[in-house]
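Read through the structure below, which is laid out as structure tokens, and then see the notes.
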Amino acid sequence: MAAAWAAVFPFITAPESHRLWGTCACVGYLCAAVAALSARPCGRAVSAGCAFGGAVVVPLVLLFLTGAAQSEVGVVERSGLLTLHQATPYLADPRSVAEVTPYLPGMAVFGLPRAVLGDSGPPAALLGDARLWCAAAFLSCLWAACRASRLPAGGPPASDSGGLSRHAVGAFVASPVVALPLCVSGVDLPLTGLLFLGLAYAARHRPVAAGLALAAACSLKWTAWPAIAVAVSLLAHRGGRQEALRGAAVAVGGTVLLVLPSALMAPGPLVQQVFAFPTGRGPWETPAASPLPGRLLADLGPAGWYAAVGLLLAGGLAVAASLLLRPPSGLVPAADRLAVGLCVAFLLAPAGRFGYLALPASLAVLARLLAGTRRAAPPRGHVVRGARSPRPLPVPVPAAWSVR
């Protein structure tokens with residue numbers, strides 16, 4: 001399935017980076033399928049290695065060497081340079097779509113290495129690439145979420161939690177839903193990792209840590225903001241009102257602290273570029289024009305645009321009502337609820353891309369990978385006594401056998 005998916009990219013996509021990824025990934029997935037058929041114990045590891053090498057390592061190295069990438073990479077790196085020079089990532093008067101920064105100020109962090117290192121040589125060009133740091137942030141969040149599942153706050157290591165195995169992580173990262181954005185853009189990976197980490201912390205009764213992770217995610221893109229409601233609902237269900245209020249205060253307060261400086265320095269550019277532009281209401285036409293339902297409605301004119309926004313608000317209210325009526329009870333239900341809300345938003349938004357759906361799909365899969373590795377712990381502090389076996393009856397011994 002993955003090989004067939006990758007094989008169509010060289011024929012249906014225009015960007016060179018997508019075509020290169022499809023060619024390399026198709027070969028890697030085919031080799032992985034052959035290795036998976038092996039009966040040897042190392043067959044699974046070899047299969048995951050082939051998929052990871054063909055879908056991530058080889059195309060990423062080739063794209064680094066050729067400098068090919070989606071436009072988002074250049075936008076993030078430019079925002080880091082602008083932040084370093086003027087303390088805000090937004091140009092006051094963009095002259096084209098390429099100069100628009102449709103992200104919140106936190107995304108500029110991944111462009112700072114390029115701003116500091118520049119392009120003075122191959123090592124600087126490699127270490128300054130925003131994709132490298134986006135992937136590092138994503139993998140760090142996976143590691144932290146796995147550690148959080150093993151080490152609850154204020155207690156000993158949890159024996160009911162496993163962790164994401166190396167093979168599971170390798171297979172997931174090598175899947176098309178992660179490998180393609182990692183190689184060609186990477187900007188959605190930190191958002192995915194931070195959202196998953198925030199939900200993982202909330203499921204382990206760690207409201208402050210969950211709030212910090214969600215605040216970092218909400219400073220990258222405003223599409224992460226619904227995650228606060230899901231995490232607060234999970235905290236309230238698992239730990240009560242106090243935990244929910246603490247987590248909400250940290251998440252909202254942290255987001256305000258991270259976004260407010262740019263909002264005060266460049267309020268107009270921030271509103272125009274971050275909110276109006278992605279929804280198709282800015283002075284520039286957004287390139288996010290996949291034929292999703294919301295986009296098709298918006299193409300009908302002003303009435304269609306308002307209809308798409310109305311449906312979007314109705315979908316958001318339905319998801320919010322579900323959080324009140326039936327709050328999530330664990331990591332998997334919370335990830336599913338957030339995934340449903342994001343799917344509704346991406347499908348009904350006036351502008352969007354099919355690639356946006358990789359975010360909710362990744363959240364749902366990651367939650368199941370982490371929850372599926374938990375093992376039941378034996379009861380502690382209780383000694384289970386079985387029924388006493390009857391005492392054997394004495395066997396009569398002849399007198400001639402007795403030892404005197």
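Letters A, B, ... mark the chains of the structure tokens in the order given; residue numbers begin at 1 per chain; ligand numbers begin at 1, in order shown.
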_What's around A:Arg78 at 9 Å? Count only C-alpha atoms, leave out sequence neighbours fewer than 5 positions away in its own chain, and write the answer as a list in words._
Val73, Thr83, Pro89, Glu99, Thr101, Ala108, Gly111, Leu112, Arg114 and Ala115 of chain A
*What does the distance between atom CA of A:Arg147 and atom CA of A:Val169 come to in Å, to one decimal place?*
13.9 Å
*Which residue gives the smallest distance to A:His237 among A:Gly186, A:Pro287, A:Pro327, A:Gly352, with only C-alpha atoms counted?*
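Among the listed residues, the smallest separation from A:His237 belongs to A:Pro327.
Shortest atom-to-atom contact with A:Leu63 among A:Arg19, A:Arg368, A:Arg44, A:Arg95: A:Arg19, counting only C-alpha atoms.
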*Might you pull out every residue within 12 Å of A:Gly253, with only C-alpha atoms counted and same-chain residues fewer than 3 positions away left off, and present them as a VMD selection string?*
chain A and resid 208 211 to 212 214 to 216 218 to 219 228 245 to 250 256 to 260
Could you dump the residues just selected with all heavy atoms as a CSV table (one decimal), in the first residue's frame?
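Saved file out_32.csv follows:
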chain,number,residue,atom,x,y,z
A,208,VAL,N,0.7,20.8,34.7
A,208,VAL,CA,1.6,21.9,34.3
A,208,VAL,C,2.5,21.5,33.1
A,208,VAL,O,2.6,22.4,32.2
A,208,VAL,CB,2.6,22.2,35.5
A,208,VAL,CG1,3.6,23.2,35.1
A,208,VAL,CG2,1.7,22.7,36.7
A,211,GLY,N,0.3,21.8,30.1
A,211,GLY,CA,0.0,23.2,29.7
A,211,GLY,C,1.2,23.8,29.0
A,211,GLY,O,1.1,24.5,28.0
A,212,LEU,N,2.4,23.4,29.4
A,212,LEU,CA,3.6,24.0,28.8
A,212,LEU,C,3.8,23.4,27.4
A,212,LEU,O,4.1,24.2,26.4
A,212,LEU,CB,4.9,23.6,29.6
A,212,LEU,CG,5.0,24.4,31.0
A,212,LEU,CD1,6.2,23.8,31.7
A,212,LEU,CD2,5.1,25.9,30.8
A,214,LEU,N,1.4,22.3,25.4
A,214,LEU,CA,0.3,22.9,24.6
A,214,LEU,C,0.6,24.4,24.3
A,214,LEU,O,0.2,24.8,23.2
A,214,LEU,CB,-1.0,22.7,25.3
A,214,LEU,CG,-1.5,21.3,25.4
A,214,LEU,CD1,-2.8,21.2,26.2
A,214,LEU,CD2,-1.7,20.7,24.0
A,215,ALA,N,1.1,25.1,25.2
A,215,ALA,CA,1.5,26.5,25.0
A,215,ALA,C,2.5,26.6,23.9
A,215,ALA,O,2.4,27.5,23.0
A,215,ALA,CB,2.0,27.2,26.2
A,216,ALA,N,3.5,25.7,23.9
A,216,ALA,CA,4.5,25.7,22.8
A,216,ALA,C,3.8,25.4,21.5
A,216,ALA,O,4.1,26.0,20.4
A,216,ALA,CB,5.6,24.7,23.1
A,218,CYS,N,0.6,25.9,20.6
A,218,CYS,CA,-0.3,27.0,20.3
A,218,CYS,C,0.5,28.2,19.8
A,218,CYS,O,-0.1,29.1,19.2
A,218,CYS,CB,-1.2,27.3,21.4
A,218,CYS,SG,-2.4,26.0,21.8
A,219,SER,N,1.7,28.3,20.1
A,219,SER,CA,2.5,29.4,19.6
A,219,SER,C,3.1,29.2,18.2
A,219,SER,O,3.7,30.1,17.6
A,219,SER,CB,3.7,29.7,20.6
A,219,SER,OG,4.7,28.7,20.5
A,228,ILE,N,-6.3,22.6,23.6
A,228,ILE,CA,-6.4,23.0,25.0
A,228,ILE,C,-7.7,22.6,25.6
A,228,ILE,O,-7.8,22.0,26.7
A,228,ILE,CB,-6.3,24.6,25.1
A,228,ILE,CG1,-4.9,25.0,24.7
A,228,ILE,CG2,-6.5,25.0,26.5
A,228,ILE,CD1,-4.7,26.5,24.8
A,245,LEU,N,-8.1,23.3,35.8
A,245,LEU,CA,-7.8,24.8,35.9
A,245,LEU,C,-6.3,25.1,35.8
A,245,LEU,O,-5.9,26.1,35.2
A,245,LEU,CB,-8.4,25.4,37.2
A,245,LEU,CG,-10.0,25.4,37.2
A,245,LEU,CD1,-10.4,25.9,38.6
A,245,LEU,CD2,-10.6,26.2,36.1
A,246,ARG,N,-5.5,24.3,36.5
A,246,ARG,CA,-4.1,24.5,36.4
A,246,ARG,C,-3.5,24.3,35.0
A,246,ARG,O,-2.8,25.1,34.5
A,246,ARG,CB,-3.4,23.6,37.4
A,246,ARG,CG,-2.0,24.0,37.8
A,246,ARG,CD,-1.3,23.0,38.8
A,246,ARG,NE,-2.2,22.9,40.0
A,246,ARG,CZ,-2.7,21.8,40.4
A,246,ARG,NH1,-2.4,20.6,39.8
A,246,ARG,NH2,-3.4,21.8,41.5
A,247,GLY,N,-4.0,23.2,34.4
A,247,GLY,CA,-3.5,23.0,33.0
A,247,GLY,C,-4.0,24.1,32.1
A,247,GLY,O,-3.2,24.6,31.2
A,248,ALA,N,-5.2,24.5,32.2
A,248,ALA,CA,-5.7,25.6,31.3
A,248,ALA,C,-5.0,26.9,31.5
A,248,ALA,O,-4.7,27.6,30.6
A,248,ALA,CB,-7.2,25.8,31.5
A,249,ALA,N,-4.7,27.2,32.8
A,249,ALA,CA,-4.0,28.5,33.1
A,249,ALA,C,-2.6,28.5,32.5
A,249,ALA,O,-2.2,29.5,31.9
A,249,ALA,CB,-4.0,28.7,34.6
A,250,VAL,N,-1.9,27.4,32.6
A,250,VAL,CA,-0.6,27.3,32.1
A,250,VAL,C,-0.6,27.4,30.6
A,250,VAL,O,0.2,28.1,29.9
A,250,VAL,CB,0.2,26.0,32.6
A,250,VAL,CG1,1.5,25.9,31.9
A,250,VAL,CG2,0.3,26.1,34.1
A,256,VAL,N,-0.2,33.2,25.5
A,256,VAL,CA,-0.2,34.7,25.5
A,256,VAL,C,1.2,35.3,25.6
A,256,VAL,O,1.5,36.2,24.9
A,256,VAL,CB,-1.2,35.2,26.6
A,256,VAL,CG1,-1.1,36.7,26.8
A,256,VAL,CG2,-2.6,34.8,26.4
A,257,LEU,N,2.0,34.7,26.5
A,257,LEU,CA,3.3,35.2,26.7
A,257,LEU,C,4.2,35.1,25.4
A,257,LEU,O,5.0,35.9,25.1
A,257,LEU,CB,4.0,34.5,27.9
A,257,LEU,CG,3.5,34.9,29.3
A,257,LEU,CD1,4.2,34.1,30.3
A,257,LEU,CD2,3.7,36.4,29.5
A,258,LEU,N,4.0,34.0,24.7
A,258,LEU,CA,4.8,33.7,23.5
A,258,LEU,C,4.3,34.5,22.3
A,258,LEU,O,5.1,34.8,21.4
A,258,LEU,CB,4.8,32.2,23.2
A,258,LEU,CG,5.5,31.3,24.2
A,258,LEU,CD1,5.2,29.8,23.9
A,258,LEU,CD2,6.9,31.6,24.3
A,259,VAL,N,3.0,34.8,22.2
A,259,VAL,CA,2.5,35.4,21.0
A,259,VAL,C,2.3,36.9,21.2
A,259,VAL,O,2.4,37.7,20.3
A,259,VAL,CB,1.1,34.8,20.7
A,259,VAL,CG1,0.4,35.5,19.5
A,259,VAL,CG2,1.3,33.3,20.4
A,260,LEU,N,2.1,37.4,22.5
A,260,LEU,CA,1.8,38.8,22.7
A,260,LEU,C,2.9,39.8,22.2
A,260,LEU,O,2.5,40.8,21.7
A,260,LEU,CB,1.5,39.0,24.2
A,260,LEU,CG,1.0,40.4,24.6
A,260,LEU,CD1,-0.3,40.7,23.9
A,260,LEU,CD2,0.9,40.5,26.2
*asked:* For a quick check of understanding, using only C-alpha atoms, which of A:Gly240, A:Pro267, A:Gly330, A:Pro226 has the smallest distance to A:Val344?
replied: A:Pro226
*A:Pro15 environment, 10 Å, only C-alpha atoms, sequence neighbours closer than 6 positions dropped, as an MDAnalysis selection string*: chainID A and resid 9 68:70 184
*Long-range neighbours of A:Ala335 as a list in words, 7 Å cut-off, only C-alpha atoms, 5 positions minimum in chain*: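 Contacts, in chain order: Leu363, Ala364 and Ala367 of chain A.
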Write the selection just made, keeping N, CA, C and O atoms, as a compact mmCIF listing (two decimals), in the first residue's frame?
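Listing of part.txt after writing:
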# COMPACT_ATOMS: atom_id res chain seq x y z
N LEU A 363 -1.83 11.80 15.17
CA LEU A 363 -2.23 11.79 16.58
C LEU A 363 -2.94 10.49 16.94
O LEU A 363 -2.66 9.89 17.98
N ALA A 364 -3.86 10.06 16.09
CA ALA A 364 -4.59 8.83 16.38
C ALA A 364 -3.67 7.61 16.39
O ALA A 364 -3.78 6.74 17.25
N ALA A 367 -1.19 7.67 19.53
CA ALA A 367 -1.86 7.31 20.78
C ALA A 367 -2.03 5.81 20.90
O ALA A 367 -1.84 5.23 21.98
Find the nearest atom pair between each residue of stretch 175-243 of chain A and stretch 317-322 of chain A for residues within 12 Å, count only C-alpha atoms, give distances in Å to one decimal, sort rows by chain and ascending number, and present the table as CSV.
residue,atom,partner,partner_atom,distance
A:Pro226,CA,A:Ala320,CA,9.0
A:Ala227,CA,A:Ala320,CA,10.9
A:Ile228,CA,A:Ala320,CA,11.3
A:Ala229,CA,A:Ala320,CA,7.8
A:Val230,CA,A:Ala320,CA,8.4
A:Ala231,CA,A:Ala320,CA,12.0
A:Val232,CA,A:Ala320,CA,11.5
A:Ser233,CA,A:Ala320,CA,9.7
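In this structure, atom CA of A:Leu338 sits 26.7 Å away from atom CA of A:Ala130.
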_Give me, as a ChimeraX atom specification, the residues of stretch 137-371 of chain A that a backbone DSSP run labels alpha helix (DSSP H)._
/A:137-150,166-174,176-184,188-203,207-218,226-239,241-265,267-270,293-298,302-325,331-348,358-371
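Between A:Ala145 and the candidates A:Cys183, A:Leu342, A:Leu132, A:Leu331, the tightest atom-to-atom separation, counting only C-alpha atoms, involves A:Leu331.
If you look at atom CA of A:Met1 and atom CA of A:Val332, they are 25.0 Å away from each other.
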Please provide as a PDB file with N, CA and C atoms, in the first residue's frame all residues within 6 Å of stretch 291-300 of chain A, with the sequence filter that same-chain residues fewer than 2 positions apart are discarded (counting only C-alpha atoms).
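around.pdb, written as the output of this step:
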ATOM      1  N   GLY A 304     -20.964  31.406  -0.361  1.00  0.00           N
ATOM      2  CA  GLY A 304     -20.350  30.106  -0.111  1.00  0.00           C
ATOM      3  C   GLY A 304     -19.299  30.171   0.977  1.00  0.00           C
ATOM      4  N   TRP A 305     -18.529  31.281   1.009  1.00  0.00           N
ATOM      5  CA  TRP A 305     -17.513  31.425   2.048  1.00  0.00           C
ATOM      6  C   TRP A 305     -18.157  31.473   3.429  1.00  0.00           C
ATOM      7  N   ALA A 308     -19.353  28.041   4.409  1.00  0.00           N
ATOM      8  CA  ALA A 308     -18.262  27.184   4.885  1.00  0.00           C
ATOM      9  C   ALA A 308     -17.879  27.538   6.320  1.00  0.00           C
ATOM     10  N   LEU A 347     -11.485  20.006   6.778  1.00  0.00           N
ATOM     11  CA  LEU A 347     -12.385  19.707   5.673  1.00  0.00           C
ATOM     12  C   LEU A 347     -13.315  20.873   5.356  1.00  0.00           C
ATOM     13  N   LEU A 348     -13.728  21.619   6.380  1.00  0.00           N
ATOM     14  CA  LEU A 348     -14.708  22.681   6.187  1.00  0.00           C
ATOM     15  C   LEU A 348     -14.096  24.072   6.120  1.00  0.00           C
ATOM     16  N   ALA A 349     -12.794  24.188   6.305  1.00  0.00           N
ATOM     17  CA  ALA A 349     -12.163  25.500   6.215  1.00  0.00           C
ATOM     18  C   ALA A 349     -12.246  26.023   4.787  1.00  0.00           C
ATOM     19  N   PRO A 350     -12.358  27.348   4.606  1.00  0.00           N
ATOM     20  CA  PRO A 350     -12.447  27.900   3.246  1.00  0.00           C
ATOM     21  C   PRO A 350     -11.217  27.640   2.395  1.00  0.00           C
ATOM     22  N   ALA A 351     -10.104  27.307   3.004  1.00  0.00           N
ATOM     23  CA  ALA A 351      -8.890  26.971   2.257  1.00  0.00           C
ATOM     24  C   ALA A 351      -8.158  25.872   3.018  1.00  0.00           C
TER      25      ALA A 351
END
